[in-house]
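Contents: one structure, followed by commentary.
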Amino acid sequence: MKKLKSIGFFFRFRIVICFSLLFSFYTSYSQKELPYVVGEHLTFDISFVGFKVGDAELKIVDLKEINSISTYHIIGSGRTSPFFDLFFKVRDMYETYLDTSSVLPVKFVRDIYEGGFTKQQTYNFYHLDSIVYSQNLQYKISKTSQDMLSALYFARTFNKQNLKFNDSFFVPIFMDEENYLLEITYIENQMLETQWGTINCMVFKPKMQKGRVFEDGEKMKIWITDDPNHLLMKVETQIWAGKIIAILSDYDKIKVPMKIELKD
């Protein structure tokens with residue numbers, strides 16, 4: 001059962017949190033500079049010790065105005081496969097409303113079911129006041145704090161020119177009513193073999209908080225395309241029970257065509 005719960009935690013998008021942000025300063029972006037557009041849809045196959053156990057999706061649904069702020073409405077979901085449902089059913093849903101100018105979250109919604117465990121959360125962010133409201137409570141946060149899902153989309157806005165091998169970057173994250181500071185290290189570039197061909201990817205190593213599923217950041221690697229899209233391609237992590245891999249299986253409406261070296 002401990003092994004099953006470990007996989008359940010994975011579906012909480014800890015993988016997305018680990019990818020996180022690649023710089024810790026506040027900046028502003030115009031919509032035309034962002035590496036994604038409304039309609040972008042990414043699908044991932046998730047496997048555990050070589051067996052497919054589920055899938056995950058990330059989709060930019062539409063533009064929505066919240067408190068006079070233009071936001072991207074983004075949904076992330078994870079679910080176990082029908083066979084794995086028999087042992088540990090997972091149905092996770094995450095929504096973030098991302099300010100199209102600052103690329104910071106305005107609102108975050110979480111609704112998860114993991115083997116009988118359920119949790120619902122709603123966060124309303126007020127960055128200028130360094131406050132987030134949740135269930136009639138308020139918490140102090142950094143002015144640049146991200147939520148579990150928005151972190152990925154902010155991360156994708158980084159400037160490659162600012163990155164050097166073995167550089168580490170830090171970012172504040174607010175999740176589960178707590179503040180965290182995560183560290184990401186850019187370790188190398190690697191040609192990743194995919195179903196479409198070979199794709200040049202940057203490889204990152206996150207350092208996780210101790211005492212959670214991923215106890216050692218060096219056991220996790222994340223691949224992101226070294227092109228204007230900065231697409232999340234693969235996540236590989238070794239937990240005590242075995243290796244979990246999430247790999248991009250399908251994509252639609254990306255901003256620019258991926259740079260792919262076709263297979264012979």
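To be explicit about the labels: the chains of the structure tokens are called A, B, and onward in the order shown, and within each one the residues are counted from 1, while ligands get numbers from 1 in the order they are shown.
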Sorted by chain and rising residue number, list the residues of segment 165-225 of chain A at most 10 Å from segment 117-131 of chain A (counting only C-alpha atoms), each with its closest atom pair and distance in Å to one decimal, as CSV.
residue,atom,partner,partner_atom,distance
A:Phe174,CA,A:Tyr123,CA,9.6
A:Met175,CA,A:Tyr123,CA,9.3
A:Asp176,CA,A:Gln121,CA,8.5
A:Glu177,CA,A:Tyr123,CA,9.3
Contacts of segment 219-231 of chain A at 9 Å or less, counting only C-alpha atoms, minus same-chain residues fewer than 2 places along, as a ChimeraX atom specification? /A:15,18-19,34-36,42,155-158,160,189-190,192,199-207,214-217,233-239,254-259
Would you write out those residues with C-alpha atoms, as an mmCIF file, in the first residue's frame?
data_model
loop_
_atom_site.group_PDB
_atom_site.id
_atom_site.type_symbol
_atom_site.label_atom_id
_atom_site.label_comp_id
_atom_site.auth_asym_id
_atom_site.auth_seq_id
_atom_site.Cartn_x
_atom_site.Cartn_y
_atom_site.Cartn_z
ATOM 1 C CA ILE A 15 6.468 16.688 -10.888
ATOM 2 C CA CYS A 18 9.673 20.291 -9.098
ATOM 3 C CA PHE A 19 10.131 21.779 -12.545
ATOM 4 C CA LEU A 34 5.005 34.139 -23.890
ATOM 5 C CA PRO A 35 5.962 30.712 -25.310
ATOM 6 C CA TYR A 36 2.381 29.410 -25.363
ATOM 7 C CA LEU A 42 -0.212 18.505 -23.774
ATOM 8 C CA ALA A 155 9.145 28.592 -15.734
ATOM 9 C CA ARG A 156 8.662 28.318 -19.464
ATOM 10 C CA THR A 157 9.174 32.073 -19.899
ATOM 11 C CA PHE A 158 12.868 31.948 -18.987
ATOM 12 C CA LYS A 160 18.039 30.788 -22.308
ATOM 13 C CA ASN A 189 21.603 19.538 -22.831
ATOM 14 C CA GLN A 190 20.626 16.156 -24.214
ATOM 15 C CA LEU A 192 15.982 13.075 -26.416
ATOM 16 C CA ILE A 199 14.626 16.673 -29.894
ATOM 17 C CA ASN A 200 17.271 18.857 -28.277
ATOM 18 C CA CYS A 201 16.325 19.313 -24.614
ATOM 19 C CA MET A 202 17.680 21.139 -21.607
ATOM 20 C CA VAL A 203 17.951 18.915 -18.539
ATOM 21 C CA PHE A 204 17.228 20.224 -15.051
ATOM 22 C CA LYS A 205 17.651 18.769 -11.580
ATOM 23 C CA PRO A 206 15.282 19.942 -8.830
ATOM 24 C CA LYS A 207 16.024 19.720 -5.139
ATOM 25 C CA PHE A 214 11.154 12.557 -3.454
ATOM 26 C CA GLU A 215 13.829 12.662 -0.789
ATOM 27 C CA ASP A 216 16.805 13.443 -3.006
ATOM 28 C CA GLY A 217 16.732 16.017 -5.784
ATOM 29 C CA MET A 233 8.954 16.614 -22.581
ATOM 30 C CA LYS A 234 9.903 14.154 -19.865
ATOM 31 C CA VAL A 235 10.190 13.759 -16.117
ATOM 32 C CA GLU A 236 12.059 10.855 -14.576
ATOM 33 C CA THR A 237 12.368 10.264 -10.862
ATOM 34 C CA GLN A 238 13.557 7.453 -8.644
ATOM 35 C CA ILE A 239 11.530 6.942 -5.469
ATOM 36 C CA ILE A 254 1.871 24.823 -29.644
ATOM 37 C CA LYS A 255 3.115 28.306 -30.503
ATOM 38 C CA VAL A 256 5.822 27.343 -33.003
ATOM 39 C CA PRO A 257 6.696 24.002 -34.663
ATOM 40 C CA MET A 258 9.065 21.855 -32.609
ATOM 41 C CA LYS A 259 12.607 21.434 -33.901
#
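Across A:Leu182, A:Leu86, A:Leu149, A:Ile247, the tightest approach to Tyr72 of chain A is made by A:Leu149 when counting only C-alpha atoms.
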Might you pull out every residue within 7 Å of Thr198 of chain A, with only C-alpha atoms counted and same-chain residues fewer than 5 positions away left off, and present them as a PyMOL selection string? chain A and resi 191-193+260-262
DSSP on the backbone, then: every residue of segment 68-175 of chain A marked alpha helix (DSSP H), written as a list of chain:residue names.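 Assigned to alpha helix (DSSP H), within segment 68-175 of chain A: A:Pro82, A:Phe83, A:Phe84, A:Asp85, A:Leu86, A:Phe87, A:Phe88, A:Ser150, A:Ala151, A:Leu152, A:Tyr153, A:Phe154, A:Ala155.
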Store the residues of this selection in a file with C-alpha atoms, as a short mmCIF file (atom, residue, chain, number, x, y, z; two decimals), in the first residue's frame.
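Listing of again.cif after writing:
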data_model
loop_
_atom_site.label_atom_id
_atom_site.label_comp_id
_atom_site.auth_asym_id
_atom_site.auth_seq_id
_atom_site.Cartn_x
_atom_site.Cartn_y
_atom_site.Cartn_z
CA PRO A 82 -8.69 1.51 -15.57
CA PHE A 83 -6.65 -1.48 -14.40
CA PHE A 84 -4.74 0.52 -11.80
CA ASP A 85 -8.07 1.99 -10.58
CA LEU A 86 -8.75 -1.39 -9.03
CA PHE A 87 -5.84 -0.89 -6.62
CA PHE A 88 -5.46 2.86 -6.13
CA SER A 150 1.30 28.10 -12.45
CA ALA A 151 4.95 27.42 -11.61
CA LEU A 152 5.40 25.38 -14.78
CA TYR A 153 4.01 28.06 -17.07
CA PHE A 154 6.06 30.81 -15.47
CA ALA A 155 9.15 28.59 -15.73
#
So that I can see what lies close to Lys59 of chain A, please list as a ChimeraX atom specification the residues with an atom at most 9 Å from it, counting only C-alpha atoms and leaving out residues fewer than 2 positions away in the same chain. /A:38-43,57,61,73-77
Glu65 of chain A surroundings by only C-alpha atoms, 12 Å radius, close-in-sequence under 6 positions cut, as a ChimeraX atom specification: /A:71-73,97-100,106-107
Atoms to include: N, CA and C atoms. Write the selected residues as a short mmCIF file (atom, residue, chain, number, x, y, z; two decimals), in the first residue's frame.
data_model
loop_
_atom_site.label_atom_id
_atom_site.label_comp_id
_atom_site.auth_asym_id
_atom_site.auth_seq_id
_atom_site.Cartn_x
_atom_site.Cartn_y
_atom_site.Cartn_z
N THR A 71 -6.42 36.78 -17.52
CA THR A 71 -5.71 35.58 -17.12
C THR A 71 -5.86 34.45 -18.14
N TYR A 72 -4.87 33.59 -18.15
CA TYR A 72 -5.00 32.32 -18.84
C TYR A 72 -5.65 31.33 -17.87
N HIS A 73 -6.73 30.69 -18.32
CA HIS A 73 -7.34 29.63 -17.52
C HIS A 73 -6.69 28.32 -17.94
N TYR A 97 -5.37 30.35 -12.69
CA TYR A 97 -5.71 31.51 -13.51
C TYR A 97 -4.48 32.41 -13.46
N LEU A 98 -3.76 32.46 -14.57
CA LEU A 98 -2.44 33.06 -14.63
C LEU A 98 -2.49 34.44 -15.28
N ASP A 99 -2.06 35.45 -14.53
CA ASP A 99 -2.02 36.81 -15.03
C ASP A 99 -1.18 36.85 -16.31
N THR A 100 -1.76 37.30 -17.42
CA THR A 100 -1.05 37.29 -18.70
C THR A 100 0.06 38.32 -18.76
N VAL A 106 -3.49 34.29 -10.11
CA VAL A 106 -4.53 35.11 -9.49
C VAL A 106 -5.43 34.22 -8.64
N LYS A 107 -5.67 33.01 -9.13
CA LYS A 107 -6.53 32.06 -8.43
C LYS A 107 -6.07 30.65 -8.73
#
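Excluding Tyr186 of chain A itself and any same-chain residue fewer than 3 positions from it, the protein and nucleic acid residues within 6 Å of it, counting only C-alpha atoms, are Phe165, Asn166, Asp167 and Phe204 of chain A.
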Expected file contents, prior selection, N, CA and C atoms, as an mmCIF file, in the first residue's frame:
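Wrote it out as result02.cif, contents follow:
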data_model
loop_
_atom_site.group_PDB
_atom_site.id
_atom_site.type_symbol
_atom_site.label_atom_id
_atom_site.label_comp_id
_atom_site.auth_asym_id
_atom_site.auth_seq_id
_atom_site.Cartn_x
_atom_site.Cartn_y
_atom_site.Cartn_z
ATOM 1 N N PHE A 165 25.373 26.111 -17.461
ATOM 2 C CA PHE A 165 25.425 24.787 -16.845
ATOM 3 C C PHE A 165 25.846 24.878 -15.383
ATOM 4 N N ASN A 166 25.138 24.104 -14.557
ATOM 5 C CA ASN A 166 25.403 23.989 -13.113
ATOM 6 C C ASN A 166 24.994 25.224 -12.320
ATOM 7 N N ASP A 167 24.336 26.183 -12.970
ATOM 8 C CA ASP A 167 23.750 27.294 -12.228
ATOM 9 C C ASP A 167 22.507 26.810 -11.493
ATOM 10 N N PHE A 204 17.192 19.541 -16.341
ATOM 11 C CA PHE A 204 17.228 20.224 -15.051
ATOM 12 C C PHE A 204 17.127 19.216 -13.914
#
Every residue of segment 52-255 of chain A that DSSP places in strand (DSSP E or B), as an NGL selection string: :A and (52-66 or 69-80 or 90-99 or 105-114 or 117-126 or 131-134 or 137-140 or 146 or 168-175 or 178-193 or 198-207 or 220-225 or 232-239 or 242-252)
